[in-house]
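entry_38.cif follows (mmCIF, C-alpha atoms):
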data_entry
#
loop_
_atom_site.label_atom_id
_atom_site.label_comp_id
_atom_site.auth_asym_id
_atom_site.auth_seq_id
_atom_site.Cartn_x
_atom_site.Cartn_y
_atom_site.Cartn_z
CA MET U 1 149.89 -74.47 119.42
CA ARG U 2 148.41 -75.27 116.01
CA ARG U 3 147.77 -72.36 113.72
CA ARG U 4 144.05 -73.16 113.42
CA ALA U 5 143.74 -73.13 117.20
CA PHE U 6 145.42 -69.74 117.27
CA LEU U 7 142.95 -68.39 114.73
CA SER U 8 140.02 -69.67 116.75
CA ILE U 9 141.35 -67.96 119.88
CA LEU U 10 141.53 -64.62 118.15
CA GLY U 11 137.94 -64.96 116.98
CA GLY U 12 136.35 -62.60 114.50
CA ALA U 13 139.43 -60.49 113.88
CA ALA U 14 141.40 -63.54 112.88
CA ALA U 15 138.62 -64.81 110.66
CA THR U 16 139.60 -62.28 108.02
CA TRP U 17 143.16 -63.59 107.78
CA PRO U 18 144.03 -65.74 104.76
CA LEU U 19 144.34 -69.39 105.71
CA GLY U 20 147.68 -70.97 104.89
CA ALA U 21 147.87 -73.60 102.22
CA HIS U 22 150.27 -75.90 103.99
CA GLY U 23 149.87 -79.36 102.52
CA GLN U 24 148.08 -78.06 99.39
CA GLN U 25 151.09 -76.21 98.02
CA PRO U 26 154.15 -78.10 99.26
CA ALA U 27 156.52 -75.78 97.39
CA MET U 28 155.32 -72.77 99.40
CA PRO U 29 157.95 -71.60 101.94
CA VAL U 30 156.91 -71.84 105.57
CA VAL U 31 157.75 -69.31 108.28
CA GLY U 32 157.48 -70.26 111.93
CA PHE U 33 156.10 -67.60 114.28
CA LEU U 34 156.85 -68.46 117.90
CA ARG U 35 156.10 -66.72 121.18
CA ALA U 36 157.27 -68.02 124.55
CA THR U 37 153.99 -66.73 125.98
CA SER U 38 150.39 -66.99 124.81
CA LEU U 39 149.51 -66.00 121.27
CA ALA U 40 146.06 -64.91 122.37
CA ASP U 41 147.41 -61.52 123.49
CA SER U 42 149.66 -61.04 120.47
CA THR U 43 147.20 -59.99 117.77
CA SER U 44 148.88 -56.62 117.19
CA LEU U 45 152.30 -58.27 116.93
CA VAL U 46 151.06 -60.82 114.39
CA THR U 47 149.44 -58.03 112.37
CA ALA U 48 152.68 -56.05 112.37
CA PHE U 49 154.70 -59.14 111.41
CA ARG U 50 152.36 -59.86 108.51
CA GLN U 51 152.63 -56.25 107.37
CA GLY U 52 156.41 -56.60 107.30
CA LEU U 53 156.15 -59.80 105.27
CA LYS U 54 153.88 -57.97 102.83
CA GLU U 55 156.34 -55.11 102.48
CA ALA U 56 158.98 -57.70 101.59
CA GLY U 57 156.70 -59.19 98.93
CA PHE U 58 155.09 -62.10 100.78
CA VAL U 59 151.40 -62.52 101.56
CA GLU U 60 150.29 -65.30 103.88
CA GLY U 61 148.29 -67.93 102.04
CA GLN U 62 149.42 -66.71 98.61
CA ASN U 63 153.19 -67.17 98.41
CA VAL U 64 154.12 -68.01 102.02
CA ASP U 65 152.61 -70.09 104.79
CA VAL U 66 152.97 -69.31 108.49
CA GLU U 67 152.94 -71.86 111.30
CA TYR U 68 152.06 -70.24 114.67
CA ARG U 69 153.31 -71.74 117.93
CA SER U 70 153.17 -70.75 121.60
CA GLY U 71 155.08 -71.86 124.67
CA ASP U 72 152.34 -70.58 127.03
CA SER U 73 155.07 -69.32 129.43
CA GLN U 74 156.41 -72.84 129.97
CA ARG U 75 159.95 -73.61 128.86
CA ASP U 76 159.27 -77.26 128.06
CA ARG U 77 156.43 -76.22 125.76
CA VAL U 78 158.69 -73.70 124.05
CA ALA U 79 161.22 -76.48 123.42
CA ALA U 80 158.48 -78.76 122.08
CA ALA U 81 157.22 -76.01 119.77
CA VAL U 82 160.75 -75.43 118.46
CA ALA U 83 161.22 -79.14 117.79
CA ASP U 84 157.91 -79.26 115.93
CA LEU U 85 158.80 -76.29 113.73
CA LEU U 86 162.18 -77.78 112.89
CA ARG U 87 160.53 -81.09 111.94
CA ARG U 88 158.33 -79.14 109.54
CA ARG U 89 161.48 -77.74 107.90
CA VAL U 90 160.47 -74.11 108.20
CA ALA U 91 162.54 -71.69 106.16
CA VAL U 92 162.88 -69.16 109.00
CA ILE U 93 161.63 -68.75 112.57
CA VAL U 94 160.44 -65.37 113.92
CA CYS U 95 160.30 -65.23 117.72
CA ASN U 96 160.70 -63.18 120.88
CA ALA U 97 163.94 -63.14 122.89
CA GLU U 98 163.02 -65.88 125.36
CA ALA U 99 162.07 -68.23 122.54
CA ALA U 100 165.12 -67.21 120.48
CA ARG U 101 167.47 -68.60 123.11
CA VAL U 102 165.75 -71.99 122.86
CA VAL U 103 165.76 -71.96 119.06
CA LYS U 104 169.43 -70.98 118.95
CA ALA U 105 170.31 -73.94 121.15
CA ALA U 106 168.37 -76.26 118.84
CA THR U 107 169.74 -75.23 115.42
CA THR U 108 172.70 -73.49 113.83
CA THR U 109 171.32 -73.65 110.30
CA VAL U 110 167.68 -72.49 110.30
CA PRO U 111 167.56 -68.66 110.13
CA ILE U 112 166.16 -66.98 113.25
CA VAL U 113 164.72 -63.47 113.39
CA PHE U 114 164.05 -62.16 116.90
CA ALA U 115 162.22 -59.14 118.27
CA THR U 116 163.59 -58.21 121.68
CA GLY U 117 163.37 -55.49 124.28
CA THR U 118 166.82 -56.32 125.58
CA ASP U 119 170.44 -56.24 124.38
CA PRO U 120 170.90 -59.28 122.10
CA VAL U 121 174.70 -59.06 122.34
CA ARG U 122 174.65 -59.20 126.14
CA ASP U 123 172.05 -62.00 125.94
CA GLY U 124 174.34 -64.03 123.69
CA LEU U 125 172.04 -64.09 120.67
CA VAL U 126 174.44 -62.30 118.30
CA ASN U 127 178.12 -61.32 118.28
CA SER U 128 177.46 -57.72 117.32
CA LEU U 129 174.59 -55.50 116.19
CA ASN U 130 176.14 -54.49 112.88
CA ARG U 131 177.46 -57.92 111.91
CA PRO U 132 175.40 -60.52 113.78
CA SER U 133 177.04 -63.50 111.99
CA GLY U 134 175.64 -66.99 112.47
CA ASN U 135 171.96 -67.71 111.84
CA LEU U 136 170.37 -64.94 113.94
CA THR U 137 169.37 -61.31 113.44
CA GLY U 138 166.40 -59.21 114.43
CA ALA U 139 165.05 -55.95 115.82
CA ILE U 140 165.26 -54.25 119.22
CA PHE U 141 162.58 -52.28 121.05
CA PHE U 142 164.47 -51.38 124.24
CA ALA U 143 161.90 -51.89 127.01
CA GLY U 144 163.50 -52.20 130.40
CA LEU U 145 166.49 -49.88 130.60
CA LEU U 146 164.69 -46.54 130.52
CA GLY U 147 164.33 -46.07 134.26
CA ALA U 148 165.63 -42.50 134.47
CA LYS U 149 163.34 -41.15 131.76
CA ARG U 150 160.28 -42.96 133.11
CA MET U 151 161.07 -41.68 136.59
CA GLU U 152 161.24 -38.12 135.27
CA LEU U 153 157.82 -38.44 133.63
CA VAL U 154 156.27 -40.04 136.71
CA ARG U 155 157.53 -37.26 138.98
CA GLN U 156 156.04 -34.61 136.73
CA LEU U 157 152.62 -36.23 136.90
CA VAL U 158 152.77 -37.34 140.54
CA PRO U 159 155.15 -34.76 142.12
CA LYS U 160 154.34 -35.78 145.71
CA ALA U 161 155.24 -39.45 145.14
CA THR U 162 157.86 -40.72 147.59
CA SER U 163 157.80 -44.45 146.86
CA ILE U 164 157.87 -46.34 143.56
CA ALA U 165 157.22 -50.05 143.09
CA MET U 166 158.24 -52.36 140.26
CA ILE U 167 156.82 -55.66 139.07
CA VAL U 168 159.46 -57.92 137.53
CA ASN U 169 159.30 -61.24 135.74
CA PRO U 170 162.53 -63.10 136.58
CA GLY U 171 162.27 -65.13 133.39
CA ALA U 172 162.87 -62.06 131.20
CA PRO U 173 166.42 -61.89 129.81
CA ASP U 174 167.21 -58.49 131.36
CA SER U 175 165.11 -58.64 134.53
CA ASP U 176 168.09 -58.01 136.84
CA ALA U 177 169.46 -55.18 134.71
CA ALA U 178 166.06 -53.52 134.38
CA GLU U 179 165.44 -53.68 138.13
CA LYS U 180 168.88 -52.24 138.87
CA ASP U 181 168.30 -49.43 136.36
CA ALA U 182 164.99 -48.51 137.98
CA ARG U 183 166.41 -48.75 141.50
CA VAL U 184 169.28 -46.38 140.65
CA ALA U 185 166.84 -43.93 139.04
CA ALA U 186 164.67 -43.97 142.16
CA GLN U 187 167.60 -43.46 144.50
CA THR U 188 168.87 -40.57 142.38
CA THR U 189 165.58 -38.75 142.88
CA GLY U 190 165.35 -39.63 146.57
CA MET U 191 162.40 -42.02 146.21
CA GLN U 192 162.02 -45.30 148.03
CA PHE U 193 162.10 -48.34 145.76
CA MET U 194 160.55 -51.77 146.14
CA SER U 195 160.13 -54.67 143.71
CA LEU U 196 158.51 -58.08 143.55
CA ASN U 197 159.00 -60.99 141.15
CA VAL U 198 155.97 -62.55 139.45
CA ASP U 199 155.55 -65.46 137.08
CA ASN U 200 151.81 -66.11 137.14
CA GLN U 201 148.51 -64.24 137.41
CA ARG U 202 148.09 -64.92 141.11
CA ASP U 203 151.54 -63.46 141.82
CA ILE U 204 150.57 -60.32 139.93
CA GLU U 205 147.45 -59.81 142.06
CA LYS U 206 149.42 -60.38 145.27
CA ALA U 207 152.08 -57.91 144.14
CA PHE U 208 149.55 -55.10 143.68
CA ALA U 209 148.00 -55.74 147.09
CA THR U 210 151.43 -55.84 148.73
CA PHE U 211 152.58 -52.60 147.10
CA VAL U 212 149.47 -50.74 148.20
CA GLU U 213 149.85 -52.11 151.72
CA ARG U 214 153.46 -50.88 151.79
CA GLY U 215 152.46 -47.41 150.64
CA ALA U 216 153.69 -47.35 147.05
CA ASN U 217 152.66 -44.16 145.21
CA VAL U 218 153.47 -45.15 141.63
CA LEU U 219 154.28 -48.31 139.70
CA GLN U 220 156.44 -49.40 136.80
CA PHE U 221 157.26 -52.73 135.18
CA GLY U 222 160.14 -54.85 134.04
CA SER U 223 160.35 -56.04 130.46
CA GLY U 224 159.70 -59.38 128.81
CA ALA U 225 156.98 -61.23 126.97
CA PHE U 226 155.27 -62.49 130.14
CA LEU U 227 154.37 -59.03 131.46
CA ASN U 228 153.47 -57.79 128.00
CA SER U 229 151.08 -60.70 127.52
CA HIS U 230 149.44 -59.86 130.88
CA ARG U 231 149.17 -56.12 130.29
CA ALA U 232 145.34 -56.21 130.39
CA GLN U 233 145.49 -57.61 133.92
CA LEU U 234 148.10 -55.03 134.92
CA VAL U 235 145.93 -52.17 133.63
CA ALA U 236 142.83 -53.52 135.38
CA LEU U 237 144.60 -53.93 138.72
CA ALA U 238 146.19 -50.48 138.51
CA ALA U 239 142.68 -49.05 138.05
CA ARG U 240 141.23 -51.14 140.88
CA TYR U 241 143.93 -50.03 143.34
CA LYS U 242 144.06 -46.48 141.93
CA LEU U 243 147.81 -46.80 141.48
CA PRO U 244 149.39 -44.53 138.83
CA ALA U 245 151.56 -46.66 136.55
CA ILE U 246 153.94 -46.11 133.64
CA TYR U 247 154.11 -48.98 131.16
CA ASN U 248 156.62 -50.33 128.66
CA TRP U 249 154.00 -50.75 125.95
CA ARG U 250 151.83 -48.20 124.16
CA GLU U 251 149.14 -50.88 123.83
CA ALA U 252 148.64 -50.83 127.61
CA VAL U 253 147.82 -47.12 127.52
CA ALA U 254 145.49 -47.56 124.55
CA SER U 255 143.51 -50.04 126.65
CA GLY U 256 143.25 -47.79 129.70
CA GLY U 257 146.72 -47.57 131.24
CA LEU U 258 147.96 -44.18 132.43
CA MET U 259 151.11 -43.61 130.39
CA SER U 260 153.99 -45.31 128.63
CA TYR U 261 157.47 -44.46 127.44
CA ALA U 262 159.11 -46.90 125.03
CA ALA U 263 160.03 -47.72 121.50
CA SER U 264 157.35 -49.44 119.41
CA ILE U 265 157.17 -53.20 119.88
CA THR U 266 154.84 -53.51 116.89
CA ASP U 267 157.37 -51.73 114.67
CA ALA U 268 160.01 -54.24 115.79
CA TYR U 269 157.73 -57.09 114.72
CA ARG U 270 157.06 -55.36 111.40
CA GLN U 271 160.82 -55.19 110.88
CA ALA U 272 161.07 -58.87 111.82
CA GLY U 273 158.56 -59.62 109.08
CA ILE U 274 160.61 -57.62 106.57
CA TYR U 275 163.76 -59.51 107.54
CA ALA U 276 161.95 -62.85 107.27
CA GLY U 277 160.93 -61.90 103.73
CA ARG U 278 164.45 -60.87 102.80
CA ILE U 279 165.79 -64.16 104.12
CA LEU U 280 163.20 -66.03 102.05
CA LYS U 281 164.61 -64.21 99.04
CA GLY U 282 168.08 -65.53 99.78
CA GLU U 283 169.78 -63.07 102.13
CA LYS U 284 171.68 -64.45 105.12
CA PRO U 285 170.65 -63.42 108.64
CA GLY U 286 174.27 -62.88 109.64
CA ASP U 287 174.57 -60.19 106.97
CA LEU U 288 171.51 -58.26 108.19
CA PRO U 289 172.31 -55.78 110.99
CA VAL U 290 170.13 -55.89 114.08
CA MET U 291 167.69 -53.00 113.73
CA GLN U 292 167.57 -50.50 116.62
CA PRO U 293 164.75 -48.07 117.43
CA THR U 294 165.13 -44.51 116.24
CA LYS U 295 162.32 -43.06 118.35
CA PHE U 296 160.92 -43.45 121.85
CA GLU U 297 157.32 -42.34 122.33
CA PHE U 298 155.59 -40.91 125.37
CA VAL U 299 151.86 -41.77 125.37
CA LEU U 300 149.42 -40.34 127.93
CA ASN U 301 145.82 -41.29 128.68
CA LEU U 302 143.95 -38.22 129.96
CA LYS U 303 140.79 -40.16 130.83
CA THR U 304 142.77 -42.44 133.13
CA ALA U 305 144.61 -39.50 134.68
CA LYS U 306 141.24 -37.90 135.50
CA ALA U 307 139.92 -41.14 136.99
CA LEU U 308 142.98 -41.24 139.26
CA GLY U 309 142.42 -37.64 140.30
CA LEU U 310 145.65 -36.44 138.68
CA GLU U 311 146.04 -33.01 137.18
CA VAL U 312 148.22 -33.15 134.08
CA PRO U 313 150.56 -30.14 133.86
CA ASP U 314 150.81 -28.33 130.53
CA ARG U 315 154.53 -29.03 130.28
CA LEU U 316 153.85 -32.77 130.43
CA LEU U 317 151.13 -32.54 127.79
CA ALA U 318 153.61 -30.72 125.56
CA LEU U 319 156.04 -33.63 125.87
CA ALA U 320 153.51 -36.28 124.85
CA ASP U 321 153.84 -37.81 121.39
CA GLU U 322 150.27 -39.05 121.68
CA VAL U 323 147.44 -38.06 124.01
CA ILE U 324 144.48 -40.42 124.40
CA GLU U 325 141.30 -38.70 125.48
#

What do you get writing this file as structure tokens?
Amino acid sequence: MRRRAFLSILGGAAATWPLGAHGQQPAMPVVGFLRATSLADSTSLVTAFRQGLKEAGFVEGQNVDVEYRSGDSQRDRVAAAVADLLRRRVAVIVCNAEAARVVKAATTTVPIVFATGTDPVRDGLVNSLNRPSGNLTGAIFFAGLLGAKRMELVRQLVPKATSIAMIVNPGAPDSDAAEKDARVAAQTTGMQFMSLNVDNQRDIEKAFATFVERGANVLQFGSGAFLNSHRAQLVALAARYKLPAIYNWREAVASGGLMSYAASITDAYRQAGIYAGRILKGEKPGDLPVMQPTKFEFVLNLKTAKALGLEVPDRLLALADEVIE
């Protein structure tokens, strides 16, 4: 996706962003920003990335240009976007985990900075967190493997729940591990567990209808860019079916979701921007340790809880890092 097209998608908010000077200032370094999914739902991630660049001393349109690309959830388009960025001789590529695997296969020389909710060592992106080596480094916002903690929070808010459902995108790097983690957490608490795979909007709608038909009491989600990019649909369907849900992204709760427990994905993208800036200054990605989250936040939306007819116990309110009213 061309950068100008991306700006037009984002509308008024994007109109305030400085336009890059690619072609007018050929000496200006270029950073590629690539998402395997749509960029239209990634405004907060782009903002965080640009903030990180600024903290490292780079301002888009002044001393760095950024080329934005999207794979629109299609692997062949991700590969085409990678090839295009490499032809443009970008100085570094910032991307999510799904895209990082494609970029890694395409180049061993162009620096790659990823933001991922999974284990990059297990996924084969780096050799170790402290000494990544090679041309990759990045930041982690563990998203999927928090089943036990999310289950604990769900049971406090919906104590009579006996069945929990999970929506999983099989294209996410840790989809199997995240599903297993949630299944074990459910079995430990004596709850029934069911899951369905989705990879398009129609599948998501069918999954909600199926879960309600099967008597699911609460819902959680796997990780990955696809589900994150469709969080607005997930929130809307959870409201329509009156199904309490715990999300992997604070942004879902801010837009009407019930609650979330996770590290900050936007902070990971801010860190990716910082690392991109440091690489532009001459540091090697292999010498930059993969950054791990230091805090996991529990966010609760009281308005949504009320709409679902849920009474929030005081002990749960006391645990919340942020309460949205």

* **Counting only C-alpha atoms, the residue of U:Thr37, U:Ala216, U:Ala182, U:Asp314 that sits nearest His230 (chain U)** =>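 Among the listed residues, the smallest separation from His230 (chain U) belongs to U:Thr37.
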
* Asked: Could you spell out the hits of the PyMOL selection byres ((chain U and resi 137-143) around 6) on the shown file, as a ChimeraX atom specification?
  -> /U:113-118,136,144,223,248,263,265,268,272,285,290-293

* Where does the PyMOL selection byres ((chain U and resi 82) around 10) land in this file, that is, which residues does it pick, as a PyMOL selection string? -> chain U and resi 32+34+69-71+76-81+83-88+93+99-100+102-104+106-107

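Each of U:Gln51, U:Thr189, U:Ser128, U:Ser163 was checked against Lys149 (chain U) using all atoms listed in the file; the smallest atom-to-atom distance is that of U:Thr189.
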
* To do: With the file shown as input, list the residues that the PyMOL selection byres ((chain U and resi 286) around 6) selects, as an MDAnalysis selection string.
  => chainID U and resid 132:135 284:285 287:288

Write out as a short mmCIF file (atom, residue, chain, number, x, y, z; two decimals) with C-alpha atoms, in the coordinates of the input which residues come within 10 Å of Asn200 (chain U) when counting only C-alpha atoms, dropping same-chain ones fewer than 5 positions away.
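The result, stored in part.cif:
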data_model
loop_
_atom_site.label_atom_id
_atom_site.label_comp_id
_atom_site.auth_asym_id
_atom_site.auth_seq_id
_atom_site.Cartn_x
_atom_site.Cartn_y
_atom_site.Cartn_z
CA SER U 73 155.07 -69.32 129.43
CA ASN U 169 159.30 -61.24 135.74
CA GLU U 205 147.45 -59.81 142.06
CA PHE U 226 155.27 -62.49 130.14
CA LEU U 227 154.37 -59.03 131.46
CA HIS U 230 149.44 -59.86 130.88
#

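Closest approach to Arg75 (chain U) among U:Gly171, U:Val90, U:Leu316, U:Leu157: U:Gly171, based on all atoms listed in the file.
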
* To do: Using all atoms listed in the file, pick whichever of U:Lys54, U:Arg214, U:Arg231, U:Lys206 has the shortest atom-to-atom distance to Phe193 (chain U).
  =>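 Comparing U:Lys54, U:Arg214, U:Arg231, U:Lys206 against Phe193 (chain U), the winner is U:Arg214.
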
* Interatomic distance between CA of Ser264 (chain U) and CA of Val299 (chain U)? ->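 CA of Ser264 (chain U) sits 11.2 Å away from CA of Val299 (chain U).
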
* To do: Would you list the contacts of region 255-262 of chain U as number ranges by chain, taking every protein, DNA or RNA residue within 10 Å and counting all atoms listed in the file, but skipping same-chain residues closer than 2 positions in sequence?
  => U: 117, 141-147, 149-150, 153-154, 157, 220, 231-232, 234-236, 238-239, 243-253, 264-265, 293, 295-308, 320-324

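The smallest atom-to-atom distance between Ser42 (chain U) and any of U:Ala172, U:Gln187, U:Ala161, U:Thr266, using only C-alpha atoms, is found for U:Thr266.
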
* To do: Within 7 Å of Val66 (chain U), counting all atoms listed in the file, which residues show up once you throw out same-chain ones fewer than 5 positions away? Write them as a ChimeraX atom specification, please.
  => /U:20,30-33,60

* Can you tell me how far CA of Glu213 (chain U) sits from CA of Gln233 (chain U), in Å to one decimal? ->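 Computing the Euclidean distance for CA of Glu213 (chain U) and CA of Gln233 (chain U) yields 19.1 Å.
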
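The space between CA of Ser44 (chain U) and CA of Arg240 (chain U) spans 25.5 Å.
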
* To do: Identify the residues around (156.6, -51.8, 151.4) within a radius of 12 Å, measuring from only C-alpha atoms in the coordinates stated by the file, and give them as a PyMOL selection string.
  => chain U and resi 162-166+192-196+207-217
